[in-house]
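Dumped protein-v9.txt below, it's compact mmCIF, C-alpha atoms:
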```
# COMPACT_ATOMS: atom_id res chain seq x y z
CA MET A 1 0.00 0.00 0.00
CA ASN A 2 3.04 2.26 0.18
CA TRP A 3 2.57 3.30 -3.41
CA PHE A 4 -0.93 4.65 -2.53
CA TRP A 5 0.49 7.06 0.03
CA ARG A 6 3.23 8.20 -2.34
CA VAL A 7 0.65 8.88 -5.05
CA LEU A 8 -1.48 10.78 -2.53
CA ASP A 9 1.59 12.82 -1.46
CA ILE A 10 2.28 13.72 -5.07
CA VAL A 11 -1.36 14.52 -5.91
CA ILE A 12 -1.94 16.74 -2.85
CA GLY A 13 1.52 18.34 -3.15
CA GLY A 14 0.97 18.87 -6.88
CA ILE A 15 -2.41 20.53 -6.32
CA PHE A 16 -0.89 23.05 -3.90
CA ILE A 17 2.10 23.72 -6.19
CA TYR A 18 -0.28 24.27 -9.12
CA ALA A 19 -2.53 26.57 -7.06
CA GLY A 20 0.49 28.48 -5.76
CA VAL A 21 2.11 28.98 -9.16
CA LEU A 22 -1.15 30.29 -10.68
CA LYS A 23 -1.30 32.93 -7.94
CA VAL A 24 2.41 33.76 -8.00
CA VAL A 25 2.14 34.83 -11.64
CA ALA A 26 -0.88 37.07 -10.93
CA PRO A 27 -0.48 38.54 -7.41
CA VAL A 28 -2.58 41.62 -8.17
CA ARG A 29 -5.51 39.47 -9.15
CA PHE A 30 -5.09 37.28 -6.06
CA ALA A 31 -4.99 40.39 -3.86
CA GLY A 32 -8.30 41.41 -5.43
CA ASP A 33 -9.73 37.94 -4.75
CA ILE A 34 -8.74 38.22 -1.08
CA GLU A 35 -10.29 41.70 -0.94
CA ASN A 36 -13.58 40.34 -2.28
CA TYR A 37 -14.07 38.34 0.93
CA HIS A 38 -14.25 41.64 2.91
CA LEU A 39 -12.65 39.90 5.91
CA ILE A 40 -9.32 41.68 6.22
CA PRO A 41 -8.11 45.15 5.23
CA TRP A 42 -6.48 45.62 1.83
CA THR A 43 -3.13 46.54 3.37
CA LEU A 44 -2.93 43.08 4.96
CA GLY A 45 -4.57 41.22 2.08
CA VAL A 46 -2.15 42.53 -0.52
CA ARG A 47 0.81 41.35 1.57
CA LEU A 48 -0.78 37.94 2.04
CA ALA A 49 -1.27 37.76 -1.73
CA PHE A 50 2.50 37.72 -2.13
CA TYR A 51 3.18 35.38 0.77
CA LEU A 52 0.51 32.63 0.73
CA PRO A 53 1.20 31.30 -2.80
CA TRP A 54 4.87 30.72 -1.94
CA LEU A 55 3.83 29.01 1.29
CA GLU A 56 1.60 26.69 -0.73
CA ILE A 57 4.42 25.94 -3.15
CA PHE A 58 6.97 25.22 -0.40
CA CYS A 59 4.53 22.96 1.45
CA GLY A 60 3.58 21.18 -1.79
CA VAL A 61 7.22 20.54 -2.60
CA ALA A 62 7.84 19.38 0.99
CA LEU A 63 5.11 16.74 0.59
CA ILE A 64 6.54 15.47 -2.68
CA VAL A 65 10.18 15.30 -1.55
CA ARG A 66 9.14 14.20 1.98
CA ARG A 67 11.22 16.80 3.79
CA MET A 68 9.64 18.76 6.67
CA TYR A 69 6.69 16.54 5.88
CA ALA A 70 4.70 16.82 9.11
CA GLY A 71 5.20 20.59 9.23
CA ALA A 72 3.98 20.97 5.66
CA LEU A 73 0.87 18.89 6.36
CA THR A 74 0.08 20.98 9.44
CA ILE A 75 0.35 24.24 7.49
CA LEU A 76 -1.71 22.88 4.58
CA LEU A 77 -4.42 21.69 6.96
CA ALA A 78 -4.54 25.15 8.55
CA LEU A 79 -4.66 26.84 5.13
CA ILE A 80 -7.49 24.70 3.84
CA VAL A 81 -9.53 25.08 7.05
CA VAL A 82 -9.09 28.86 7.06
CA PHE A 83 -9.93 29.02 3.37
CA MET A 84 -13.07 26.88 3.72
CA SER A 85 -14.21 28.97 6.70
CA ALA A 86 -13.69 32.19 4.73
CA ASN A 87 -15.70 30.72 1.86
CA ALA A 88 -18.53 29.72 4.20
CA VAL A 89 -18.61 33.16 5.85
CA ALA A 90 -18.67 34.86 2.45
CA LYS A 91 -21.53 32.62 1.33
CA MET A 92 -23.49 33.37 4.52
CA ARG A 93 -22.98 37.09 3.96
CA GLY A 94 -24.34 36.69 0.45
CA LEU A 95 -21.13 37.72 -1.27
CA ASP A 96 -20.83 36.59 -4.88
CA ILE A 97 -17.12 35.87 -4.92
CA LYS A 98 -14.57 34.19 -7.08
CA CYS A 99 -12.58 32.09 -4.64
CA GLY A 100 -9.24 32.77 -6.31
CA CYS A 101 -7.87 29.43 -5.20
CA PHE A 102 -6.74 28.40 -8.68
CA GLY A 103 -6.45 31.78 -10.38
CA HIS A 104 -8.24 31.94 -13.74
CA ALA A 105 -8.52 28.16 -13.79
CA SER A 106 -11.27 28.19 -11.15
CA ASP A 107 -13.35 31.01 -12.63
CA ASN A 108 -15.98 28.66 -13.98
CA LEU A 109 -16.29 26.50 -10.87
CA GLY A 110 -19.52 27.02 -8.94
CA PHE A 111 -19.80 27.18 -5.15
CA VAL A 112 -20.74 23.50 -4.81
CA SER A 113 -17.82 22.39 -6.99
CA HIS A 114 -15.48 24.53 -4.88
CA VAL A 115 -16.78 22.98 -1.67
CA ALA A 116 -16.45 19.47 -3.12
CA LEU A 117 -12.89 20.16 -4.29
CA ASN A 118 -11.91 21.64 -0.93
CA LEU A 119 -13.43 18.71 0.96
CA ALA A 120 -11.51 16.26 -1.25
CA ILE A 121 -8.24 18.11 -0.59
CA LEU A 122 -9.03 18.31 3.13
CA ALA A 123 -9.74 14.56 3.20
CA GLY A 124 -6.41 13.89 1.45
CA VAL A 125 -4.46 16.04 3.92
CA VAL A 126 -6.20 14.45 6.92
CA LEU A 127 -5.51 10.93 5.57
CA LEU A 128 -1.82 11.75 5.16
CA MET A 129 -1.68 13.20 8.68
CA ARG A 130 -3.33 10.12 10.19
CA ARG A 131 -0.96 7.88 8.31
CA THR A 132 2.05 9.89 9.54
CA LYS A 133 0.86 9.57 13.15
CA THR A 134 0.27 5.81 12.77
CA ALA A 135 3.72 5.32 11.25
CA ALA A 136 5.45 7.38 13.98
CA MET B 1 7.82 15.37 18.69
CA ARG B 2 5.82 18.58 19.09
CA ARG B 3 8.98 20.64 19.20
CA PHE B 4 10.17 18.94 16.03
CA LEU B 5 6.86 19.71 14.33
CA LEU B 6 6.92 23.32 15.49
CA ARG B 7 10.44 23.73 14.13
CA GLN B 8 9.35 22.41 10.72
CA VAL B 9 6.32 24.71 10.65
CA LEU B 10 8.36 27.77 11.57
CA LEU B 11 11.05 26.91 9.04
CA LEU B 12 8.51 26.55 6.22
CA LEU B 13 6.78 29.79 7.25
CA ALA B 14 10.13 31.57 7.22
CA LEU B 15 11.29 30.05 3.92
CA ALA B 16 8.19 31.30 2.09
CA PHE B 17 9.07 34.86 3.08
CA VAL B 18 12.23 34.85 0.95
CA PRO B 19 10.69 34.59 -2.56
CA ALA B 20 7.60 36.51 -1.40
CA ILE B 21 9.70 39.53 -0.49
CA GLY B 22 11.57 39.27 -3.79
CA GLU B 23 8.31 39.14 -5.73
CA ALA B 24 6.83 42.03 -3.74
CA LEU B 25 9.90 44.12 -4.56
CA TYR B 26 9.52 43.23 -8.23
CA PHE B 27 5.86 44.32 -8.19
CA ARG B 28 6.30 47.27 -5.83
CA ASN B 29 5.44 49.90 -8.45
CA ARG B 30 2.70 47.89 -10.10
CA ILE B 31 0.39 47.43 -7.15
CA SER B 32 -1.41 49.77 -4.81
CA TRP B 33 -0.33 48.95 -1.24
CA GLN B 34 -2.78 51.24 0.57
CA SER B 35 -6.11 50.73 -1.22
CA PRO B 36 -7.55 48.23 -3.74
CA VAL B 37 -7.68 50.84 -6.47
CA PRO B 38 -5.13 53.64 -6.60
CA ASP B 39 -6.65 57.12 -6.78
CA SER B 40 -5.19 57.57 -10.25
CA GLN B 41 -7.35 54.68 -11.50
CA LEU B 42 -10.60 55.86 -9.90
CA VAL B 43 -13.06 58.22 -11.52
CA THR B 44 -16.19 59.90 -10.17
CA VAL B 45 -19.53 59.77 -11.95
CA ALA B 46 -19.42 63.51 -12.69
CA LYS B 47 -15.93 63.37 -14.19
CA ALA B 48 -16.64 60.25 -16.27
CA LYS B 49 -19.87 61.75 -17.61
CA GLY B 50 -17.90 64.85 -18.45
CA TRP B 51 -15.77 62.83 -20.85
CA GLY B 52 -18.88 62.45 -23.06
CA THR B 53 -18.23 60.39 -26.17
CA GLY B 54 -14.60 60.11 -25.15
CA ALA B 55 -15.61 57.49 -22.59
CA LEU B 56 -16.33 53.85 -23.28
CA TRP B 57 -18.58 52.50 -20.51
CA VAL B 58 -18.17 48.91 -19.46
CA ASP B 59 -20.69 47.13 -17.21
CA ALA B 60 -18.98 44.41 -15.13
CA ARG B 61 -22.14 43.18 -13.41
CA PRO B 62 -23.71 39.77 -14.11
CA ASP B 63 -25.65 39.30 -17.37
CA GLU B 64 -29.08 39.41 -15.67
CA GLN B 65 -28.42 42.75 -13.97
CA PHE B 66 -27.13 44.23 -17.22
CA ALA B 67 -30.24 42.97 -19.05
CA GLN B 68 -32.51 44.63 -16.47
CA GLU B 69 -30.91 48.05 -16.75
CA HIS B 70 -27.55 49.60 -17.61
CA PHE B 71 -25.91 52.91 -18.33
CA PRO B 72 -26.85 54.11 -21.86
CA GLY B 73 -24.27 52.85 -24.34
CA ALA B 74 -22.48 50.64 -21.79
CA LEU B 75 -21.13 47.32 -22.99
CA LEU B 76 -21.36 44.13 -20.99
CA LEU B 77 -18.07 42.59 -19.88
CA ASN B 78 -18.04 40.40 -16.79
CA GLU B 79 -15.82 37.68 -15.35
CA ASP B 80 -18.32 34.93 -16.24
CA HIS B 81 -18.04 35.50 -19.98
CA PHE B 82 -14.94 37.65 -20.30
CA ASN B 83 -13.45 35.97 -23.37
CA GLN B 84 -16.74 35.91 -25.27
CA GLN B 85 -17.63 39.55 -24.47
CA LEU B 86 -14.18 41.09 -24.85
CA PRO B 87 -14.20 41.32 -28.70
CA ASN B 88 -17.34 43.45 -28.50
CA VAL B 89 -15.59 45.92 -26.18
CA LEU B 90 -12.41 45.99 -28.26
CA ALA B 91 -14.46 46.69 -31.39
CA ALA B 92 -15.95 49.78 -29.73
CA TRP B 93 -12.65 50.93 -28.25
CA SER B 94 -10.30 53.41 -29.92
CA PRO B 95 -6.99 54.83 -28.58
CA ASP B 96 -8.55 58.20 -27.78
CA LYS B 97 -11.23 56.66 -25.53
CA LYS B 98 -11.07 56.28 -21.78
CA VAL B 99 -12.62 53.07 -20.49
CA VAL B 100 -14.91 53.43 -17.44
CA VAL B 101 -15.75 50.16 -15.69
CA TYR B 102 -18.52 49.88 -13.12
CA CYS B 103 -20.12 47.13 -11.03
CA SER B 104 -22.99 47.17 -8.52
CA THR B 105 -21.74 49.08 -5.50
CA LYS B 106 -18.70 50.63 -3.92
CA GLU B 107 -17.99 47.28 -2.24
CA CYS B 108 -18.09 45.09 -5.35
CA GLY B 109 -14.78 43.90 -6.71
CA ALA B 110 -15.88 43.02 -10.24
CA SER B 111 -15.10 46.41 -11.78
CA ARG B 112 -11.60 46.34 -10.30
CA ALA B 113 -11.00 42.81 -11.59
CA ILE B 114 -12.28 43.64 -15.09
CA ALA B 115 -10.25 46.86 -15.21
CA GLU B 116 -7.17 44.88 -14.21
CA ARG B 117 -7.77 42.32 -16.97
CA LEU B 118 -8.39 45.06 -19.55
CA ARG B 119 -5.03 46.59 -18.64
CA GLY B 120 -3.20 43.28 -18.46
CA GLU B 121 -4.75 41.00 -21.05
CA ALA B 122 -6.16 43.55 -23.51
CA GLN B 123 -3.25 45.99 -23.00
CA LEU B 124 -5.59 48.99 -22.77
CA LYS B 125 -3.96 52.02 -21.17
CA GLU B 126 -6.61 54.38 -19.86
CA VAL B 127 -8.93 52.17 -17.85
CA PHE B 128 -10.76 53.61 -14.83
CA VAL B 129 -12.96 52.17 -12.09
CA LEU B 130 -16.14 54.14 -11.42
CA GLU B 131 -16.34 55.21 -7.79
CA GLY B 132 -19.55 53.91 -6.22
CA GLY B 133 -20.50 51.82 -9.25
CA TRP B 134 -24.05 51.43 -10.52
CA GLU B 135 -25.41 52.68 -7.17
CA ALA B 136 -23.61 56.00 -7.65
CA LEU B 137 -24.85 56.26 -11.24
CA GLN B 138 -28.45 55.83 -10.06
CA GLN B 139 -28.02 58.38 -7.27
CA ALA B 140 -26.56 60.87 -9.76
CA ALA B 141 -29.52 60.30 -12.09
CA LYS B 142 -31.98 61.16 -9.27
CA LYS B 143 -30.36 64.53 -8.61
```
For this file, produce the structure as structure tokens.
Amino acid sequence: MNWFWRVLDIVIGGIFIYAGVLKVVAPVRFAGDIENYHLIPWTLGVRLAFYLPWLEIFCGVALIVRRMYAGALTILLALIVVFMSANAVAKMRGLDIKCGCFGHASDNLGFVSHVALNLAILAGVVLLMRRTKTAA
Amino acid sequence: MRRFLLRQVLLLLALAFVPAIGEALYFRNRISWQSPVPDSQLVTVAKAKGWGTGALWVDARPDEQFAQEHFPGALLLNEDHFNQQLPNVLAAWSPDKKVVVYCSTKECGASRAIAERLRGEAQLKEVFVLEGGWEALQQAAKK
């Protein structure tokens, strides 16, 4: 079953690298996407727009090369939980937002598809964390 | 174990700062750090109306809202159908025209996003975001 966990590492790591790279090439757009949530001031959001994509990339790479593995999983779990919470709050407040999670690539995804995708990623991260704890 | 985990987390958090700072320095003159839209890219209703035929109005709201009502002469261009609607806008554009993009309210981000894409993807120079959006246009019409 080892191959299953390696594939899951690569898939989850790859998703975060892909999402990070899309945002790294368009930070202004990502800053706008963060602003659309109306949760934090622009001055903070614009700084996060430069930082978070690189954090996603580093954590994605860490999963694939299995270095700082547990740390990367912890950060990714926190990111996905915060992101899903922000999405839920925005939905409750009736905001019609583009999530910005995959840059232009996610423009045509509806709210339900976003939730399903996020839940799938969350499930993958949690599975990897459980497996790490069992192995330790 | 917890200490080990904490060290990994802190190291990853710190590592991400390095390229982020480099990228922020690279973009430092191309982004507004204090407000979503720099003052130079904002325009008031009165000023935009004053441009007369020199302004090309772009409505960034959803299709249904545009169909209900829109500013006379405005063209529809929203994020949902950007690629399909863009040729229509480009056909109406000429180098002497200033593009004025509006969405529903002051809080909406659609006009900012569309203006950004018009500057970046369509390479248009004079693109402005209407302060207050459609709400401000309606208030101005009542006066």
Straight-line distance linking atom CA of Cys59 of chain A with atom CA of Phe27 of chain B, stated in Å to one decimal: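 Spanning atom CA of Cys59 of chain A to atom CA of Phe27 of chain B is a straight-line distance of 23.5 Å.
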Which of these, A:Pro41, A:Gly124, A:Gly32, A:Gly110, has the shortest distance to Ala113 of chain B once you count only C-alpha atoms?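 Closest residue, counting only C-alpha atoms: A:Gly32.
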Within 10 Å of Asp59 of chain B using all atoms listed in the file, minus same-chain residues under 2 positions, as number ranges by chain: B: 57, 61-63, 65-66, 70-71, 73-78, 100-104, 110-111, 114, 133-134
Shortest contact to chain A, candidates B:Ala46, B:Val58, B:Val127, B:Leu11, atoms counted all atoms listed in the file, goes to B:Leu11
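Using all atoms listed in the file for every distance, the candidate list A:Val112, A:Leu128, A:Val25, A:Leu73 yields A:Leu128 as the residue closest to Val7 of chain A.
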Give me, as a PyMOL selection string, the contact residues of chain A against chain B at a cut-off of 7 Å, counting all atoms listed in the file. chain A and resi 28-29+32+36+42-43+46+50-51+54-55+58+68+70-72+75
What is the distance, in Å and to one decimal place, between atom CA of Ala140 of chain B and atom CA of Trp51 of chain B? 15.6 Å
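Distance annotation: of B:Ala115, B:Tyr26, B:Ala122, B:Lys98, the residue with the minimal separation from Val24 of chain A is B:Tyr26; atom set is only C-alpha atoms.
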Point-to-point distance from atom CA of Ala62 of chain A to atom CA of Ile40 of chain A, Å rounded to tenths: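 So the answer is 28.6 Å.
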Selected residue of minimal separation from Lys125 of chain B among B:Phe82, B:Glu69, B:Leu137, B:Val99, counting all atoms listed in the file: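 Among B:Phe82, B:Glu69, B:Leu137, B:Val99, it is B:Val99 that comes nearest to Lys125 of chain B.
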Of the listed residues A:Leu119, A:Val89, A:Leu8, A:Ile17, that which approaches Leu77 of chain A most closely, counting only C-alpha atoms: A:Leu119
